[in-house]
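Novice: Structure in C-alpha cells, see below.
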Amino acid sequence: MLSNILEYTLFEFEDEIMRIGEKKFRAKQIYGWVLKGVDNFGEMKNLPKGLVEKLNEHFTIELPKAIEVQVAKLDGTRKYLLELSDGNCIEAVFMKYKYGNTICVSSQAGCKMGCKFCASTLNGLTRNLTQGEIVGQIIAAEKESGEKINHVVVMGIGEPFDNYENLYNFLTLVNDKDGLNIGMRNITVSTCGIIPMIYKFANDFPQVNLAISLHASSDAVRREIMPINDKYPIKELLIACERYVNKTHRRITFEYTLVDGKNDRIEDAKALAKLLDGLLCHVNLIPLNPVLETGLKKSRRDNTNAFLRELEKRGIQTTVRRELGNEIDAACGQLRLKK
Ligand code: SAH
C-alpha cells in the first residue's frame with residue numbers, strides 16, 4: 001500500500017525517508033517539490049534515479065482534483081470544486097486582496113454544526129479532511145491559477161475546531177519554513193465558538209488570527225440560527241474570547257452575518273456593542289449570501305448601513321465584508337451541494 005506524502009508531517013516524512021535507507025535531507029527536498037505542486041517523482045530534478053524508483057515503490061502524491069473552476073472576471077476570484085481521492089467533494093476559494101492573494105480552505109466534507117443560513121451543513125458531516133487534503137487545496141489552487149498564495153483563511157466548508165488535530169498539523173506545515181512558509185499572522189481560523197478549543201488554540205497558535213462567528217447579540221436569537229449556542233452560550237464564549245485576548249494580545253474578529261428581520265435591527269446593534277465593549281476586537285459584517293434551501297433573506301442595504309453606523313458610533317471597529325465573486329456561486333458549500 002503506497003502512502004500519500006502529504007499525510008506525513010515533515011518530521012514523520014524524515015523518519016520515513018530514513019526508514020527506506022535514504023539520507024534525512026532528502027525528505028525536505030522531496031516535500032518541497034510536492035508543496036510546489038509537482039506530483040510525479042520523476043520531475044523532481046535534484047533526485048538521483050535510484051531514489052525516484054524507491055519513492056515510486058513506497059509513496060504517492062495525491063492532490064485534490066479541480067473538477068470545476070468558476071472564475072469571476074471582475075475581481076479575479078476563483079472558486080474550486082475539488083474532488084478527493086475517495087470521491088468526496090469540497091470547495092476552496094482564491095481571492096485577490098490589496099494585501100495579497102488569499103485562499104479560503106475547507107476543513108471538513110460537510111459540517112454538523114447546523115447553522116441555519118449555511119449551505120455547507122445542509123447534508124450534515126461526511127468526514128473530517130486530513131492534513132494533506134487541507135494543504136492540498138492550497139497547492140491545487142496555486143497550480144491551477146499560477147499565482148502564489150500568501151494568506152490563508154480556514155473559513156470554507158466545515159468547523160475547523162471539530163477537526164483540531166488535522167488543523168494543528170495543517171497550520172504547522174503551512175507555517176514551517178520548509179513547508180509553505182506562510183507567516184502565522186497571515187493565517188486566520190474561523191470557528192462557530194467551540195470554547196475548549198479556543199483555549200487550546202490560544203496556547204498552540206497565539207499568533208494565528210482567530211475569527212468567531214457570533215451572528216447574534218442574544219442567546220435567544222443565536223440559538224435559533226446557531227444550534228451550537230445551546231452548548232456554548234454567548235456569555236461563556238465571550239469569557240473565552242477575553243482570556244484569548246489576555247493571553248495572545250491579538251485582536252479577535254467577530255463575524256456577524258446580517259439576516260433580514262432576524263438580527264439586523266438597531267436594537268441588535270446596540271446590544272452587540274454592549275457585549276463587545278472593552279474587548280480588543282473588530283466586527284466584520286457579512287451580507288448574507290442567500291441559500292435557497294434556508295429561506296433566509298439578506299439584510300436590506302439601509303439596515304446594513306444603519307447597523308454599521310450604530311456600531312461605529314459606539315466605538316466598535318467595524319467593516320462590511322466585500323462581496324467578492326458575486327457572479328459565481330460564492331456562498332460556501334453551494335457548489336458541493338449542487339454536485
Ligand atoms: N465553521 C466555521 C468556519 C466556516 S463558515 C465558522 O462557523 O466560523 C465561515 C463564515 O461564513 C462563518 O462566519 C459563517 O457563519 C459564514 N457563513 C456561512 N454561510 C453563510 C451565508 N450563506 N452567508 C453569509 N455568511 C455565511
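Here's how to read the names in the C-alpha cells: chain A, B, ... by the order shown, residue numbers from 1 in each chain, ligand numbers from 1 in the order shown.
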Residues of chain A within 7 Å of ligand 1: nearest atom pair and distance (Å, one decimal) for each, counting only C-alpha atoms and all ligand atoms, sorted by chain and number, as a tab-separated table?
Specialist:
residue	atom	partner	partner_atom_place_in_ligand_line	distance
A:Phe117	CA	ligand 1	22 (N)	5.1
A:Cys118	CA	ligand 1	19 (N)	3.6
A:Ala119	CA	ligand 1	19 (N)	6.1
A:Val154	CA	ligand 1	3 (C)	6.5
A:Met155	CA	ligand 1	4 (C)	4.1
A:Gly156	CA	ligand 1	4 (C)	4.9
A:Ile157	CA	ligand 1	4 (C)	5.6
A:Gly158	CA	ligand 1	1 (N)	5.1
A:Glu159	CA	ligand 1	1 (N)	3.6
A:Pro160	CA	ligand 1	1 (N)	6.3
A:Ser190	CA	ligand 1	8 (O)	4.1
A:Thr191	CA	ligand 1	8 (O)	3.6
A:Cys192	CA	ligand 1	7 (O)	3.7
A:Ala211	CA	ligand 1	8 (O)	6.9
A:Ile212	CA	ligand 1	8 (O)	5.8
A:Ser213	CA	ligand 1	13 (O)	4.3
A:Glu255	CA	ligand 1	13 (O)	5.1
A:Tyr256	CA	ligand 1	13 (O)	6.7
A:Thr257	CA	ligand 1	25 (N)	5.4
A:Ile286	CA	ligand 1	24 (C)	5.7
A:Pro287	CA	ligand 1	24 (C)	6.0
A:Leu288	CA	ligand 1	23 (N)	3.8
A:Asn289	CA	ligand 1	23 (N)	3.7
A:Pro290	CA	ligand 1	22 (N)	5.4
A:Val291	CA	ligand 1	22 (N)	5.7
A:Ala331	CA	ligand 1	22 (N)	5.4
A:Cys332	CA	ligand 1	19 (N)	5.9
Novice: Would you pick out the contacts of Asn150 (chain A) at 9 Å or less, using only C-alpha atoms, so that residues sharing its chain but fewer than 2 positions from it are not included, and give the list as a ChimeraX atom specification?
Specialist: /A:100-103,148,152,180-183,186-187
Novice: Please produce, as a tab-separated table, a per-residue contact table for region 189-229 of chain A versus region 265-284 of chain A (criterion: any atom at most 9 Å away, only C-alpha atoms considered), showing the nearest atom pair and its distance in Å to one decimal, sorted by chain then residue number.
Specialist:
residue	atom	partner	partner_atom	distance
A:Ala216	CA	A:Asp268	CA	7.5
A:Ser217	CA	A:Leu272	CA	5.0
A:Ser218	CA	A:Ala271	CA	7.8
Novice: Print the selection's residues with all heavy atoms to a file, as a PDB file, in the first residue's frame.
Specialist:
ATOM      1  N   ALA A 216     -25.234  37.027  16.437  1.00  0.00           N
ATOM      2  CA  ALA A 216     -26.390  37.467  17.228  1.00  0.00           C
ATOM      3  C   ALA A 216     -25.869  38.074  18.522  1.00  0.00           C
ATOM      4  O   ALA A 216     -24.741  37.807  18.930  1.00  0.00           O
ATOM      5  CB  ALA A 216     -27.318  36.308  17.528  1.00  0.00           C
ATOM      6  N   SER A 217     -26.711  38.877  19.153  1.00  0.00           N
ATOM      7  CA  SER A 217     -26.268  39.506  20.396  1.00  0.00           C
ATOM      8  C   SER A 217     -27.055  39.002  21.602  1.00  0.00           C
ATOM      9  O   SER A 217     -26.847  39.436  22.718  1.00  0.00           O
ATOM     10  CB  SER A 217     -26.384  41.026  20.282  1.00  0.00           C
ATOM     11  OG  SER A 217     -27.686  41.363  19.858  1.00  0.00           O
ATOM     12  N   SER A 218     -27.968  38.050  21.358  1.00  0.00           N
ATOM     13  CA  SER A 218     -28.666  37.443  22.497  1.00  0.00           C
ATOM     14  C   SER A 218     -28.700  35.933  22.285  1.00  0.00           C
ATOM     15  O   SER A 218     -28.702  35.451  21.149  1.00  0.00           O
ATOM     16  CB  SER A 218     -30.098  37.970  22.592  1.00  0.00           C
ATOM     17  OG  SER A 218     -30.875  37.415  21.544  1.00  0.00           O
TER      18      SER A 218
END
Novice: As JSON, numbers by chain, which residues of region 61-259 of chain A does DSSP assign to strand (DSSP E)?
Specialist: {"A": [65, 66, 67, 68, 69, 70, 71, 78, 79, 80, 81, 82, 83, 89, 90, 91, 92, 93, 94, 95, 96, 97, 100, 101, 102, 103, 104, 108, 109, 110, 125, 126, 127, 128, 151, 152, 153, 154, 187, 188, 189, 190, 191, 209, 210, 211, 212, 213, 252, 253, 254, 255, 256, 257, 258]}
Novice: Keeping C-alpha atoms for every residue in the selection just given, could you write it to a file as a PDB file, in the first residue's frame?
Specialist:
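Output (selection37.pdb):
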ATOM      1  CA  LYS A  65      -8.511  17.431  -8.284  1.00  0.00           C
ATOM      2  CA  ALA A  66     -10.182  20.607  -9.555  1.00  0.00           C
ATOM      3  CA  ILE A  67     -13.265  19.297 -11.334  1.00  0.00           C
ATOM      4  CA  GLU A  68     -14.844  22.721 -11.665  1.00  0.00           C
ATOM      5  CA  VAL A  69     -13.333  26.201 -11.589  1.00  0.00           C
ATOM      6  CA  GLN A  70     -15.559  29.274 -11.619  1.00  0.00           C
ATOM      7  CA  VAL A  71     -13.748  32.496 -12.380  1.00  0.00           C
ATOM      8  CA  ARG A  78     -11.603  31.667  -8.430  1.00  0.00           C
ATOM      9  CA  LYS A  79     -13.870  29.136  -6.846  1.00  0.00           C
ATOM     10  CA  TYR A  80     -12.861  25.498  -6.929  1.00  0.00           C
ATOM     11  CA  LEU A  81     -14.888  22.344  -6.632  1.00  0.00           C
ATOM     12  CA  LEU A  82     -12.257  19.789  -5.661  1.00  0.00           C
ATOM     13  CA  GLU A  83     -12.579  16.047  -5.716  1.00  0.00           C
ATOM     14  CA  CYS A  89     -16.057  16.925  -2.992  1.00  0.00           C
ATOM     15  CA  ILE A  90     -15.043  20.096  -1.179  1.00  0.00           C
ATOM     16  CA  GLU A  91     -14.614  23.743  -2.087  1.00  0.00           C
ATOM     17  CA  ALA A  92     -11.839  26.294  -1.918  1.00  0.00           C
ATOM     18  CA  VAL A  93     -11.849  29.940  -2.993  1.00  0.00           C
ATOM     19  CA  PHE A  94      -8.927  32.014  -4.238  1.00  0.00           C
ATOM     20  CA  MET A  95      -9.332  35.765  -3.713  1.00  0.00           C
ATOM     21  CA  LYS A  96      -7.259  38.793  -4.619  1.00  0.00           C
ATOM     22  CA  TYR A  97      -6.992  41.452  -1.951  1.00  0.00           C
ATOM     23  CA  GLY A 100      -2.124  39.773  -1.296  1.00  0.00           C
ATOM     24  CA  ASN A 101      -3.570  36.540  -2.586  1.00  0.00           C
ATOM     25  CA  THR A 102      -5.783  34.701  -0.134  1.00  0.00           C
ATOM     26  CA  ILE A 103      -7.204  31.227  -0.141  1.00  0.00           C
ATOM     27  CA  CYS A 104     -10.221  30.103   1.822  1.00  0.00           C
ATOM     28  CA  GLN A 108     -14.340  19.063   6.641  1.00  0.00           C
ATOM     29  CA  ALA A 109     -16.512  17.434   3.984  1.00  0.00           C
ATOM     30  CA  GLY A 110     -19.851  18.763   5.183  1.00  0.00           C
ATOM     31  CA  LEU A 125     -20.960  15.961   8.192  1.00  0.00           C
ATOM     32  CA  THR A 126     -19.488  13.313   5.889  1.00  0.00           C
ATOM     33  CA  ARG A 127     -15.986  13.246   7.356  1.00  0.00           C
ATOM     34  CA  ASN A 128     -13.003  15.233   8.539  1.00  0.00           C
ATOM     35  CA  HIS A 151      -2.714  34.425   3.134  1.00  0.00           C
ATOM     36  CA  VAL A 152      -4.848  31.544   4.338  1.00  0.00           C
ATOM     37  CA  VAL A 153      -8.275  31.630   5.945  1.00  0.00           C
ATOM     38  CA  VAL A 154      -9.851  28.464   7.286  1.00  0.00           C
ATOM     39  CA  ILE A 187      -3.441  32.859   8.733  1.00  0.00           C
ATOM     40  CA  THR A 188      -6.973  33.117  10.155  1.00  0.00           C
ATOM     41  CA  VAL A 189      -9.095  30.353  11.625  1.00  0.00           C
ATOM     42  CA  SER A 190     -12.840  30.861  11.938  1.00  0.00           C
ATOM     43  CA  THR A 191     -14.962  28.964  14.453  1.00  0.00           C
ATOM     44  CA  ASN A 209      -5.752  35.184  13.878  1.00  0.00           C
ATOM     45  CA  LEU A 210      -8.997  33.997  15.375  1.00  0.00           C
ATOM     46  CA  ALA A 211     -12.424  34.796  13.951  1.00  0.00           C
ATOM     47  CA  ILE A 212     -15.579  33.930  15.838  1.00  0.00           C
ATOM     48  CA  SER A 213     -18.932  33.509  14.130  1.00  0.00           C
ATOM     49  CA  ILE A 252     -10.390  38.967  17.655  1.00  0.00           C
ATOM     50  CA  THR A 253     -12.639  39.269  14.637  1.00  0.00           C
ATOM     51  CA  PHE A 254     -16.342  38.701  15.182  1.00  0.00           C
ATOM     52  CA  GLU A 255     -18.234  37.666  12.105  1.00  0.00           C
ATOM     53  CA  TYR A 256     -21.814  38.820  12.034  1.00  0.00           C
ATOM     54  CA  THR A 257     -23.947  37.755   9.100  1.00  0.00           C
ATOM     55  CA  LEU A 258     -26.871  40.119   8.709  1.00  0.00           C
TER      56      LEU A 258
END
Novice: Using only C-alpha atoms, can you tell me which of A:Ile134, A:Leu51, A:Leu84, A:Val221 comes closest to Leu6 (chain A)?
Specialist: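 The closest residue to Leu6 (chain A) is A:Ile134.
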Novice: Which residue, A:Asn305, A:Thr130, A:Thr60, A:Asn40, has the smallest gap to Leu2 (chain A) when you use only C-alpha atoms?
Specialist: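 When distances to Leu2 (chain A) are compared using only C-alpha atoms, the smallest one comes from A:Thr60.
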Novice: Might you pull out every residue within 7 Å of Ile17 (chain A), with only C-alpha atoms counted and same-chain residues fewer than 6 positions away left off, and present them as an MDAnalysis selection string?
Specialist: chainID A and resid 23:24 27
Novice: Export, as a CSV table (one decimal), in the first residue's frame, the selected residues with all heavy atoms.
Specialist:
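Generated file (again.csv):
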chain,number,residue,atom,x,y,z
A,23,LYS,N,19.1,9.4,3.0
A,23,LYS,CA,19.6,10.5,3.9
A,23,LYS,C,18.4,11.4,4.3
A,23,LYS,O,17.6,11.7,3.4
A,23,LYS,CB,20.7,11.3,3.2
A,23,LYS,CG,22.0,10.5,3.0
A,23,LYS,CD,23.1,11.3,3.6
A,23,LYS,CE,24.4,10.4,3.7
A,23,LYS,NZ,24.8,10.0,2.3
A,24,LYS,N,18.5,11.9,5.5
A,24,LYS,CA,17.4,12.7,6.1
A,24,LYS,C,17.1,13.9,5.2
A,24,LYS,O,15.9,14.3,5.0
A,24,LYS,CB,17.8,13.1,7.5
A,24,LYS,CG,16.8,13.8,8.3
A,24,LYS,CD,17.2,14.0,9.7
A,24,LYS,CE,16.5,15.1,10.4
A,24,LYS,NZ,17.1,15.3,11.8
A,27,ALA,N,14.2,14.3,2.6
A,27,ALA,CA,12.8,14.5,3.0
A,27,ALA,C,12.4,15.9,2.6
A,27,ALA,O,11.3,16.1,2.0
A,27,ALA,CB,12.6,14.1,4.4
